[in-house]
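As stored in coords12.cif (mmCIF, C-alpha atoms and all ligand atoms):
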data_upload
loop_
_atom_site.label_atom_id
_atom_site.label_comp_id
_atom_site.auth_asym_id
_atom_site.auth_seq_id
_atom_site.Cartn_x
_atom_site.Cartn_y
_atom_site.Cartn_z
CA MET K 1 -6.41 -22.84 -14.91
CA ASP K 2 -5.15 -19.42 -13.82
CA THR K 3 -8.41 -17.47 -13.65
CA ALA K 4 -6.59 -14.17 -13.03
CA ALA K 5 -5.07 -14.53 -16.52
CA CYS K 6 -8.59 -14.40 -18.01
CA ALA K 7 -9.51 -11.11 -16.34
CA PRO K 8 -8.99 -8.26 -18.84
CA ASP K 9 -7.78 -5.69 -16.29
CA ARG K 10 -5.52 -7.91 -14.27
CA ALA K 11 -2.26 -9.41 -15.55
CA PRO K 12 -0.87 -12.57 -13.92
CA VAL K 13 1.74 -11.83 -11.25
CA PRO K 14 5.10 -13.23 -12.40
CA SER K 15 7.81 -14.47 -10.04
CA ALA K 16 11.33 -13.03 -9.69
CA GLU K 17 12.78 -16.00 -11.59
CA GLU K 18 10.56 -15.29 -14.60
CA ILE K 19 11.35 -11.63 -15.17
CA ALA K 20 13.67 -8.73 -14.49
CA PRO K 21 12.55 -6.07 -12.01
CA VAL K 22 10.71 -3.06 -13.49
CA PHE K 23 13.24 -0.61 -12.04
CA ASP K 24 16.80 -0.85 -10.89
CA THR K 25 16.38 1.63 -8.01
CA LEU K 26 12.96 2.60 -6.64
CA VAL K 27 12.78 5.41 -4.09
CA VAL K 28 9.65 5.48 -1.92
CA VAL K 29 9.07 8.81 -0.17
CA GLY K 30 6.71 8.35 2.80
CA PRO K 31 6.95 4.67 3.83
CA GLY K 32 3.62 4.68 5.72
CA LEU K 33 0.71 2.32 5.03
CA ILE K 34 0.94 2.61 1.23
CA GLY K 35 4.67 3.24 0.84
CA SER K 36 5.69 0.42 3.19
CA SER K 37 3.29 -1.95 1.40
CA VAL K 38 5.07 -1.18 -1.89
CA LEU K 39 8.45 -1.67 -0.17
CA ARG K 40 7.34 -5.00 1.28
CA ARG K 41 6.03 -6.14 -2.10
CA ALA K 42 9.34 -5.15 -3.70
CA LYS K 43 11.39 -6.99 -1.08
CA GLU K 44 9.23 -10.11 -0.82
CA TYR K 45 8.59 -10.66 -4.53
CA GLY K 46 11.76 -9.16 -6.08
CA THR K 47 9.95 -8.11 -9.27
CA LEU K 48 9.47 -4.38 -8.72
CA ALA K 49 13.03 -3.14 -8.22
CA ARG K 50 16.53 -4.50 -7.61
CA ARG K 51 17.09 -1.93 -4.86
CA VAL K 52 14.58 0.05 -2.75
CA ILE K 53 15.32 3.22 -0.82
CA ALA K 54 12.91 4.65 1.75
CA VAL K 55 12.77 8.37 2.55
CA ASP K 56 10.77 9.92 5.38
CA ILE K 57 10.71 13.35 6.98
CA SER K 58 10.43 11.66 10.39
CA PRO K 59 13.62 10.16 11.87
CA GLU K 60 11.38 7.85 13.97
CA VAL K 61 9.71 6.47 10.84
CA CYS K 62 13.15 6.02 9.23
CA ALA K 63 14.41 4.14 12.29
CA ARG K 64 11.35 1.88 12.24
CA VAL K 65 11.68 1.15 8.51
CA ALA K 66 15.34 0.22 9.06
CA GLU K 67 14.33 -2.04 11.96
CA LEU K 68 11.65 -3.73 9.84
CA GLY K 69 14.26 -4.39 7.11
CA ILE K 70 11.88 -3.48 4.27
CA ALA K 71 14.30 -1.14 2.44
CA ASP K 72 17.92 -1.47 1.36
CA GLU K 73 18.62 2.09 2.46
CA VAL K 74 16.73 4.61 4.59
CA THR K 75 17.25 8.36 4.74
CA THR K 76 15.57 11.65 5.64
CA ASP K 77 17.22 13.33 2.61
CA ALA K 78 14.79 13.04 -0.32
CA ALA K 79 17.01 14.89 -2.83
CA GLN K 80 20.02 12.71 -2.04
CA ALA K 81 17.98 9.54 -2.61
CA ALA K 82 16.38 10.91 -5.80
CA VAL K 83 19.81 11.30 -7.45
CA VAL K 84 20.19 7.50 -7.78
CA ALA K 85 16.54 6.66 -8.57
CA ASP K 86 15.04 5.21 -11.76
CA CYS K 87 11.67 5.87 -10.21
CA VAL K 88 10.60 8.07 -7.31
CA MET K 89 7.20 7.23 -5.83
CA LEU K 90 5.67 9.85 -3.54
CA CYS K 91 3.50 8.27 -0.82
CA VAL K 92 3.09 11.34 1.42
CA PRO K 93 -0.24 13.03 2.35
CA VAL K 94 -1.76 14.82 -0.66
CA GLY K 95 -1.08 18.25 0.89
CA ALA K 96 2.66 17.46 0.99
CA MET K 97 2.96 16.23 -2.63
CA GLY K 98 3.84 19.65 -4.14
CA PRO K 99 6.64 20.55 -1.68
CA VAL K 100 8.11 17.03 -1.81
CA ALA K 101 8.04 17.03 -5.64
CA ALA K 102 9.81 20.42 -5.53
CA SER K 103 12.61 18.89 -3.48
CA VAL K 104 13.10 15.66 -5.48
CA LEU K 105 12.58 16.77 -9.10
CA PRO K 106 15.72 18.93 -9.51
CA ALA K 107 17.84 16.01 -8.23
CA MET K 108 16.38 13.32 -10.51
CA ARG K 109 18.29 11.82 -13.46
CA PRO K 110 16.97 12.52 -16.97
CA GLY K 111 14.59 9.68 -17.93
CA ALA K 112 13.86 8.67 -14.33
CA ILE K 113 10.10 8.50 -13.59
CA LEU K 114 8.17 10.46 -10.97
CA THR K 115 4.98 8.84 -9.74
CA GLU K 116 2.73 9.27 -6.71
CA VAL K 117 -0.21 7.55 -5.04
CA GLY K 118 -2.33 10.50 -3.89
CA SER K 119 -6.04 9.96 -3.23
CA THR K 120 -6.95 13.13 -5.16
CA LYS K 121 -5.61 13.73 -8.63
CA VAL K 122 -6.48 17.20 -10.04
CA SER K 123 -5.08 19.07 -7.02
CA VAL K 124 -1.98 16.86 -6.74
CA ILE K 125 -1.22 17.27 -10.46
CA GLU K 126 -1.67 21.05 -10.08
CA ALA K 127 0.65 21.08 -7.07
CA ILE K 128 3.38 19.09 -8.86
CA THR K 129 3.14 20.66 -12.33
CA PRO K 130 5.13 23.87 -11.58
CA TYR K 131 8.19 21.74 -10.71
CA LEU K 132 7.99 19.25 -13.61
CA ARG K 133 10.93 18.83 -15.99
CA PRO K 134 10.50 17.82 -19.65
CA ASP K 135 13.06 15.03 -19.19
CA VAL K 136 11.36 13.46 -16.12
CA PRO K 137 8.06 11.73 -17.00
CA TYR K 138 5.33 12.06 -14.39
CA VAL K 139 2.73 9.29 -13.97
CA PRO K 140 -0.04 10.06 -11.43
CA ALA K 141 -1.51 6.91 -9.87
CA HIS K 142 -3.94 5.94 -7.14
CA PRO K 143 -4.13 2.42 -5.70
CA MET K 144 -7.70 1.95 -4.46
CA ALA K 145 -6.62 -0.07 -1.44
CA GLY K 146 -6.00 0.74 2.17
CA THR K 147 -7.02 0.29 5.75
CA GLU K 148 -7.78 2.63 8.64
CA PHE K 149 -4.19 2.24 9.90
CA SER K 150 -1.15 4.37 9.08
CA GLY K 151 2.61 4.19 9.38
CA PRO K 152 5.27 1.67 8.39
CA ASP K 153 3.94 -1.09 10.67
CA ALA K 154 0.53 -0.99 8.98
CA GLY K 155 1.68 -2.05 5.50
CA PHE K 156 1.60 -5.53 4.00
CA ALA K 157 2.80 -6.98 0.70
CA THR K 158 -0.61 -8.23 -0.48
CA LEU K 159 -2.50 -4.96 0.14
CA PHE K 160 -2.98 -4.22 -3.57
CA GLU K 161 -4.00 -7.71 -4.73
CA ASP K 162 -7.25 -7.69 -6.74
CA ARG K 163 -7.66 -3.98 -6.01
CA TRP K 164 -7.96 -1.29 -8.64
CA CYS K 165 -5.08 1.04 -9.34
CA LEU K 166 -6.22 4.12 -11.27
CA LEU K 167 -3.73 5.89 -13.53
CA THR K 168 -4.39 9.47 -14.67
CA PRO K 169 -1.51 10.23 -17.09
CA LEU K 170 -1.13 13.72 -18.51
CA GLU K 171 -1.27 14.32 -22.27
CA SER K 172 2.48 14.88 -22.12
CA THR K 173 3.26 11.66 -20.22
CA PRO K 174 5.26 9.32 -22.51
CA ALA K 175 3.61 5.94 -23.13
CA ASP K 176 6.67 3.94 -22.01
CA ALA K 177 6.62 5.66 -18.59
CA VAL K 178 2.91 4.84 -18.19
CA LYS K 179 3.69 1.25 -19.16
CA ALA K 180 6.48 0.95 -16.56
CA VAL K 181 4.25 2.25 -13.74
CA ARG K 182 1.40 0.07 -14.96
CA THR K 183 3.68 -2.97 -14.85
CA LEU K 184 4.81 -2.10 -11.33
CA TRP K 185 1.22 -2.05 -10.08
CA GLU K 186 0.31 -5.20 -12.02
CA ARG K 187 3.17 -6.90 -10.24
CA CYS K 188 1.64 -5.74 -6.95
CA GLY K 189 -1.43 -7.76 -8.03
CA ALA K 190 -3.59 -4.74 -8.92
CA ARG K 191 -6.11 -4.28 -11.74
CA LEU K 192 -5.34 -1.20 -13.81
CA ARG K 193 -7.61 1.45 -15.31
CA GLU K 194 -6.71 4.78 -16.94
CA MET K 195 -8.97 7.82 -16.66
CA ALA K 196 -8.93 11.61 -16.74
CA PRO K 197 -7.93 13.26 -13.42
CA ALA K 198 -11.23 15.17 -13.02
CA HIS K 199 -13.23 11.98 -13.63
CA HIS K 200 -11.08 10.19 -11.06
CA ASP K 201 -11.83 12.87 -8.48
CA ARG K 202 -15.61 12.63 -8.99
CA VAL K 203 -15.54 8.82 -8.81
CA CYS K 204 -13.41 8.83 -5.65
CA ALA K 205 -15.51 11.59 -4.07
CA MET K 206 -18.47 9.20 -4.37
CA VAL K 207 -16.94 5.84 -3.46
CA SER K 208 -14.24 6.84 -0.99
CA HIS K 209 -14.34 10.44 0.23
CA LEU K 210 -18.09 10.69 0.90
CA PRO K 211 -18.20 7.38 2.85
CA HIS K 212 -15.38 8.65 5.05
CA LEU K 213 -17.20 11.96 5.58
CA LEU K 214 -20.34 10.03 6.60
CA ALA K 215 -18.37 7.79 8.96
CA PHE K 216 -16.61 10.70 10.70
CA THR K 217 -19.93 12.55 10.97
CA ILE K 218 -22.03 9.67 12.30
CA CYS K 219 -19.46 8.92 15.01
CA GLY K 220 -19.50 12.58 16.04
CA THR K 221 -23.30 12.67 16.07
CA ALA K 222 -23.53 9.55 18.24
CA ASP K 223 -20.89 10.90 20.61
CA ASP K 224 -22.65 14.29 20.90
CA LEU K 225 -25.91 12.49 21.60
CA ALA K 226 -24.28 10.42 24.32
CA ASP K 227 -22.95 13.63 25.92
CA GLU K 228 -26.26 15.46 25.67
CA THR K 229 -28.40 12.65 27.04
CA ARG K 230 -25.70 11.27 29.32
CA SER K 231 -26.73 7.95 27.94
CA GLU K 232 -24.66 4.94 27.11
CA VAL K 233 -25.62 5.05 23.43
CA LEU K 234 -22.11 4.09 22.28
CA ASP K 235 -21.91 1.13 24.69
CA PHE K 236 -24.62 -0.62 22.71
CA ALA K 237 -23.10 0.02 19.27
CA ALA K 238 -23.53 -3.25 17.42
CA SER K 239 -21.93 -4.27 14.17
CA GLY K 240 -23.65 -1.71 11.89
CA PHE K 241 -22.24 1.21 13.85
CA ARG K 242 -18.93 -0.61 14.37
CA ASP K 243 -18.44 -0.85 10.60
CA PHE K 244 -18.60 2.95 10.48
CA THR K 245 -16.11 3.26 13.35
CA ARG K 246 -13.49 1.25 11.42
CA ILE K 247 -13.48 3.85 8.66
CA ALA K 248 -13.76 6.70 11.18
CA ALA K 249 -10.48 5.55 12.79
CA SER K 250 -8.55 6.77 9.71
CA ASP K 251 -5.75 9.32 9.88
CA PRO K 252 -6.99 12.94 10.44
CA ILE K 253 -4.20 14.67 8.48
CA MET K 254 -4.64 12.42 5.45
CA TRP K 255 -8.40 12.96 5.39
CA ARG K 256 -8.24 16.69 6.12
CA ASP K 257 -6.01 17.03 3.05
CA ILE K 258 -8.27 14.85 0.88
CA PHE K 259 -11.46 16.72 1.85
CA LEU K 260 -9.90 20.15 1.22
CA LEU K 261 -8.14 19.14 -1.98
CA ASN K 262 -11.17 17.45 -3.54
CA ARG K 263 -13.55 20.11 -2.25
CA ASP K 264 -15.74 20.67 -5.32
CA ALA K 265 -16.33 17.02 -6.23
CA LEU K 266 -16.90 16.06 -2.59
CA LEU K 267 -19.41 18.87 -1.99
CA GLU K 268 -21.23 17.89 -5.20
CA MET K 269 -21.55 14.26 -4.07
CA LEU K 270 -22.55 15.32 -0.56
CA ALA K 271 -25.33 17.51 -1.98
CA ARG K 272 -26.64 14.58 -4.03
CA PHE K 273 -26.45 12.31 -1.02
CA MET K 274 -28.37 14.80 1.13
CA GLU K 275 -31.10 15.02 -1.52
CA ASP K 276 -31.40 11.22 -1.55
CA ALA K 277 -31.36 11.07 2.26
CA GLN K 278 -34.17 13.67 2.27
CA ALA K 279 -36.12 11.49 -0.16
CA MET K 280 -35.67 8.51 2.17
CA ALA K 281 -36.76 10.63 5.14
CA ARG K 282 -39.88 11.62 3.19
CA ALA K 283 -40.63 7.99 2.31
CA ILE K 284 -40.31 7.01 5.98
CA ARG K 285 -42.51 9.93 7.07
CA TRP K 286 -45.28 9.02 4.56
CA GLY K 287 -44.91 5.27 4.92
CA ASP K 288 -43.84 4.77 1.29
CA GLU K 289 -42.96 1.08 1.62
CA ASP K 290 -42.10 0.58 -2.07
CA TYR K 291 -39.55 3.38 -2.09
CA ILE K 292 -37.90 2.10 1.09
CA VAL K 293 -37.72 -1.50 -0.15
CA ASP K 294 -36.45 -0.40 -3.57
CA ARG K 295 -33.57 1.56 -2.00
CA ILE K 296 -32.59 -1.29 0.31
CA GLU K 297 -32.71 -3.79 -2.55
CA ARG K 298 -30.37 -1.59 -4.58
CA GLY K 299 -27.92 -1.63 -1.67
CA ARG K 300 -28.04 -5.43 -1.45
CA LYS K 301 -27.45 -5.77 -5.19
CA ILE K 302 -24.40 -3.53 -5.02
CA ARG K 303 -22.92 -5.54 -2.14
CA LYS K 304 -23.57 -8.82 -4.01
CA SER K 305 -21.89 -7.59 -7.19
CA LEU K 306 -18.84 -6.35 -5.23
CA ILE K 307 -18.49 -9.77 -3.61
CA GLU K 308 -18.82 -11.48 -7.00
CA ASN K 309 -16.08 -9.21 -8.38
CA ARG K 310 -13.85 -9.89 -5.38
CA GLN K 311 -14.02 -6.24 -4.30
CA ALA K 312 -15.54 -6.81 -0.84
N1 LIG K 401 -4.45 5.04 3.47
C1 LIG K 401 -5.11 4.71 2.39
O1 LIG K 401 -6.10 3.99 2.46
C2 LIG K 401 -4.65 5.23 1.04
C3 LIG K 401 -5.00 4.52 -0.12
C4 LIG K 401 -4.54 4.98 -1.35
C5 LIG K 401 -3.77 6.14 -1.43
N2 LIG K 401 -3.48 6.81 -0.29
C6 LIG K 401 -2.64 8.01 -0.40
O2 LIG K 401 -1.32 7.60 -0.11
C7 LIG K 401 -0.61 8.63 0.55
C8 LIG K 401 -0.04 8.07 1.84
O3 LIG K 401 -1.09 7.58 2.65
P1 LIG K 401 -0.75 6.56 3.85
O4 LIG K 401 -2.06 6.09 4.35
O5 LIG K 401 0.30 5.60 3.44
O6 LIG K 401 -0.13 7.60 4.92
P2 LIG K 401 0.76 7.31 6.20
O7 LIG K 401 0.42 8.38 7.18
O8 LIG K 401 0.69 5.91 6.63
O9 LIG K 401 2.25 7.59 5.65
C9 LIG K 401 2.66 8.82 5.16
C10 LIG K 401 4.14 8.99 5.46
O10 LIG K 401 4.60 10.19 4.81
C11 LIG K 401 5.53 10.80 5.67
N3 LIG K 401 5.65 12.19 5.29
C12 LIG K 401 4.75 13.19 5.49
N4 LIG K 401 5.23 14.34 4.96
C13 LIG K 401 6.42 14.06 4.42
C14 LIG K 401 7.40 14.82 3.73
N5 LIG K 401 7.22 16.13 3.50
N6 LIG K 401 8.55 14.21 3.30
C15 LIG K 401 8.74 12.89 3.53
N7 LIG K 401 7.85 12.11 4.20
C16 LIG K 401 6.71 12.69 4.63
C17 LIG K 401 4.97 10.58 7.06
O11 LIG K 401 5.97 10.75 8.07
C18 LIG K 401 4.46 9.13 6.94
O12 LIG K 401 5.48 8.22 7.32
C19 LIG K 401 -1.60 9.77 0.72
O13 LIG K 401 -1.40 10.70 -0.32
C20 LIG K 401 -2.95 9.11 0.58
O14 LIG K 401 -3.90 10.02 0.08
C21 LIG K 401 -3.86 6.36 0.94
O1 LIG K 402 -10.30 0.48 3.25
C1 LIG K 402 -10.10 1.56 3.79
O2 LIG K 402 -10.04 1.69 5.02
C2 LIG K 402 -9.85 2.75 2.97
O3 LIG K 402 -10.13 3.80 3.48
C3 LIG K 402 -9.26 2.66 1.63
C4 LIG K 402 -9.58 3.78 0.66
C5 LIG K 402 -11.08 3.75 0.35
O4 LIG K 402 -11.79 4.68 0.70
O5 LIG K 402 -11.50 2.77 -0.25
C6 LIG K 402 -9.19 5.09 1.25
C7 LIG K 402 -8.54 6.03 0.57
C8 LIG K 402 -7.89 5.76 -0.67
O6 LIG K 402 -7.46 6.78 -1.41
C9 LIG K 402 -8.21 4.50 -1.28
C10 LIG K 402 -8.83 3.54 -0.58
#
Hey, can you dump this file as structure tokens for me?
Ligand SMILES: NC(=O)c1ccc[n+]([C@@H]2O[C@H](COP(=O)([O-])OP(=O)(O)OC[C@H]3O[C@@H](n4cnc5c(N)ncnc54)[C@H](O)[C@@H]3O)[C@@H](O)[C@H]2O)c1
Ligand SMILES: O=C(O)C(=O)C[C@]1(C(=O)O)C=C[C@@H](O)C=C1
Amino acid sequence: MDTAACAPDRAPVPSAEEIAPVFDTLVVVGPGLIGSSVLRRAKEYGTLARRVIAVDISPEVCARVAELGIADEVTTDAAQAAVVADCVMLCVPVGAMGPVAASVLPAMRPGAILTEVGSTKVSVIEAITPYLRPDVPYVPAHPMAGTEFSGPDAGFATLFEDRWCLLTPLESTPADAVKAVRTLWERCGARLREMAPAHHDRVCAMVSHLPHLLAFTICGTADDLADETRSEVLDFAASGFRDFTRIAASDPIMWRDIFLLNRDALLEMLARFMEDAQAMARAIRWGDEDYIVDRIERGRKIRKSLIENRQA
């Protein structure tokens, strides 16, 4: 039995023989980790688009994408590629979404879809909105999948399998455009959920942006301590600390943009975290065993439920 077919949020992934591609021509702007994973999925499975075009501001990235053979065409000219697109997917850092949308939107055909994969939604929607056209539907999306690596070599076709993809359509987004983007992500193997952009940003501040902030900070603290005490503290980092360093190896530009563009939600979650950390500090100071055990048990339960739901 196909168990995936029973899951309410996850449609079975059809093969190229079973169905026509969602789009004729899909243009991916920014074929880094996320964009190149979409390109690979499109090429390897044949169910996303008949033709894929990659656009990058960097000639080196373009040359590498051509070498990898994961796009039918590669160019640095976003507007030129957008002219022939049925769908343009922006996979650039969130701070670049507005300017890139400004360059592609005027070139797009009426009825073609604009979508993007930014990790923050309210700020990206605000940055893109001034350039929107009534005849080009815009579907904001966010695949909750990634690694600490960047660039076209980092991507892989199965990156989105059994991962959530969050859609935050606008009130004005036509239902058929949402459906097309939904289908594209389902065919990448993702589970889909729709939510309001502001809700998305609070959820992601908690489950993605705050953990990255903690990882960057703890690595800095340990490094400062090593400098101050001239000790080999980092040499003895075992697996607990190493798990933080994986996340801390993420791209600085991407995370600078995310932190600054989800400022309010991130600061709110950080304040809550600091309150809870203070409460833990107090419990440790006063030897409150029950509090400490209760908190650790909650952590274990969360890990167990993620494993059961195939999210860890
Ligand atoms: N990395 C993750 O885990 C992850 C997960 C989900 C969503 N996202 C979002 O996806 C987007 C891309 O992230 P990534 O990790 O794939 O980044 P990446 O650094 O691997 O790739 C980004 C690419 O965009 C290109 N680029 C930058 N500015 C450009 C411009 N103005 N015009 C054309 N190309 C430009 C870069 O040269 C690079 O090749 C970001 O918005 C990020 O927030 C990332
Ligand atoms: O797995 C990782 O390394 C990630 O950082 C992926 C991760 C996350 O925090 O879960 C990072 C940013 C995204 O917007 C979505 C996913």
*asked:* From the options K:Thr245, K:Val293, K:Ala205, K:Asp235, which residue's atoms come nearest to Leu267 in chain K, counting all atoms listed in the file?
replied: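 So, comparing all the options, the nearest one is K:Ala205.
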CA of Pro140 in chain K to CA of Arg310 in chain K measures 25.0 Å
Give me, as JSON, numbers by chain, the set of residues whose atoms come within 6 Å of any atom of ligand LIG 402 (chain K), counting only C-alpha atoms and all ligand atoms. {"K": [119, 144, 145, 146, 147, 148, 208, 247]}
Dig up all the protein and nucleic acid residues within 8 Å of (-1.2, 10.8, -2.5) in the file frame, using all atoms listed in the file, and format them as a short mmCIF file (atom, residue, chain, number, x, y, z; two decimals) with C-alpha atoms, keeping the file's coordinate frame.
data_model
loop_
_atom_site.label_atom_id
_atom_site.label_comp_id
_atom_site.auth_asym_id
_atom_site.auth_seq_id
_atom_site.Cartn_x
_atom_site.Cartn_y
_atom_site.Cartn_z
CA LEU K 90 5.67 9.85 -3.54
CA CYS K 91 3.50 8.27 -0.82
CA VAL K 92 3.09 11.34 1.42
CA PRO K 93 -0.24 13.03 2.35
CA VAL K 94 -1.76 14.82 -0.66
CA MET K 97 2.96 16.23 -2.63
CA GLU K 116 2.73 9.27 -6.71
CA VAL K 117 -0.21 7.55 -5.04
CA GLY K 118 -2.33 10.50 -3.89
CA SER K 119 -6.04 9.96 -3.23
CA THR K 120 -6.95 13.13 -5.16
CA VAL K 124 -1.98 16.86 -6.74
CA HIS K 142 -3.94 5.94 -7.14
#
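Using only C-alpha atoms, the residues found no farther than 12 Å from Val203 in chain K, other than those of its own chain fewer than 3 positions away, are Ser119, Thr120, Lys121, Met144, Leu166, Met195, Ala196, Pro197, Ala198, His199, His200, Met206, Val207, Ser208, His209, Leu210, Asn262, Ala265, Leu266, Glu268 and Met269 of chain K.
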task = Mind checking which residues fall within 12 Å of Thr217 in chain K, counting only C-alpha atoms, ignoring those fewer than 2 positions away in the same chain, and posting them as a PyMOL selection string?
result = chain K and resi 210-215+219-224+241+244-245+247-249
(Q) So that I can check the surroundings of Pro152 in chain K, please list as JSON, numbers by chain every protein, DNA and RNA residue that reaches within 12 Å of it, counting only C-alpha atoms and ignoring chain neighbours fewer than 3 positions away. (A) {"K": [28, 29, 30, 31, 32, 33, 34, 35, 36, 37, 38, 39, 40, 54, 55, 56, 58, 60, 61, 62, 63, 64, 65, 66, 67, 68, 69, 70, 71, 91, 149, 155, 156, 157]}
Listed atoms of ligand LIG 401 (chain K) boxed axis-aligned with 3 Å per side, centre + edges as JSON:
{"center_x": 1.3, "center_y": 10.1, "center_z": 3.3, "size_x": 20.8, "size_y": 18.1, "size_z": 15.5}
Missing atoms of range 140-153 of chain K rebuilt to N, CA and C atoms, written as a PDB file, in the coordinates of the input:
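The resulting file, result39.pdb, is shown below:
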ATOM      1  N   PRO K 140       0.802  10.070 -12.633  1.00  0.00           N
ATOM      2  CA  PRO K 140      -0.040  10.060 -11.430  1.00  0.00           C
ATOM      3  C   PRO K 140      -0.786   8.725 -11.317  1.00  0.00           C
ATOM      4  N   ALA K 141      -0.830   8.194 -10.095  1.00  0.00           N
ATOM      5  CA  ALA K 141      -1.510   6.910  -9.870  1.00  0.00           C
ATOM      6  C   ALA K 141      -2.270   6.948  -8.547  1.00  0.00           C
ATOM      7  N   HIS K 142      -3.194   6.011  -8.400  1.00  0.00           N
ATOM      8  CA  HIS K 142      -3.940   5.940  -7.140  1.00  0.00           C
ATOM      9  C   HIS K 142      -4.401   4.497  -6.900  1.00  0.00           C
ATOM     10  N   PRO K 143      -3.657   3.766  -6.046  1.00  0.00           N
ATOM     11  CA  PRO K 143      -4.130   2.420  -5.700  1.00  0.00           C
ATOM     12  C   PRO K 143      -5.360   2.514  -4.807  1.00  0.00           C
ATOM     13  N   MET K 144      -6.451   1.880  -5.233  1.00  0.00           N
ATOM     14  CA  MET K 144      -7.700   1.950  -4.460  1.00  0.00           C
ATOM     15  C   MET K 144      -7.691   0.832  -3.412  1.00  0.00           C
ATOM     16  N   ALA K 145      -6.764   0.952  -2.482  1.00  0.00           N
ATOM     17  CA  ALA K 145      -6.620  -0.070  -1.440  1.00  0.00           C
ATOM     18  C   ALA K 145      -6.091   0.613  -0.199  1.00  0.00           C
ATOM     19  N   GLY K 146      -6.512   0.158   0.937  1.00  0.00           N
ATOM     20  CA  GLY K 146      -6.000   0.740   2.170  1.00  0.00           C
ATOM     21  C   GLY K 146      -6.697   0.149   3.367  1.00  0.00           C
ATOM     22  N   THR K 147      -6.352   0.677   4.514  1.00  0.00           N
ATOM     23  CA  THR K 147      -7.020   0.290   5.750  1.00  0.00           C
ATOM     24  C   THR K 147      -7.138   1.573   6.572  1.00  0.00           C
ATOM     25  N   GLU K 148      -7.671   1.457   7.778  1.00  0.00           N
ATOM     26  CA  GLU K 148      -7.780   2.630   8.640  1.00  0.00           C
ATOM     27  C   GLU K 148      -6.460   2.922   9.372  1.00  0.00           C
ATOM     28  N   PHE K 149      -5.456   2.066   9.171  1.00  0.00           N
ATOM     29  CA  PHE K 149      -4.190   2.240   9.900  1.00  0.00           C
ATOM     30  C   PHE K 149      -3.164   2.996   9.076  1.00  0.00           C
ATOM     31  N   SER K 150      -2.205   3.605   9.768  1.00  0.00           N
ATOM     32  CA  SER K 150      -1.150   4.370   9.080  1.00  0.00           C
ATOM     33  C   SER K 150       0.210   3.934   9.605  1.00  0.00           C
ATOM     34  N   GLY K 151       1.238   4.405   8.911  1.00  0.00           N
ATOM     35  CA  GLY K 151       2.610   4.190   9.380  1.00  0.00           C
ATOM     36  C   GLY K 151       3.220   2.923   8.831  1.00  0.00           C
ATOM     37  N   PRO K 152       4.536   2.787   9.010  1.00  0.00           N
ATOM     38  CA  PRO K 152       5.270   1.670   8.390  1.00  0.00           C
ATOM     39  C   PRO K 152       4.878   0.282   8.916  1.00  0.00           C
ATOM     40  N   ASP K 153       4.349   0.224  10.145  1.00  0.00           N
ATOM     41  CA  ASP K 153       3.940  -1.090  10.670  1.00  0.00           C
ATOM     42  C   ASP K 153       2.632  -1.571  10.069  1.00  0.00           C
TER      43      ASP K 153
END
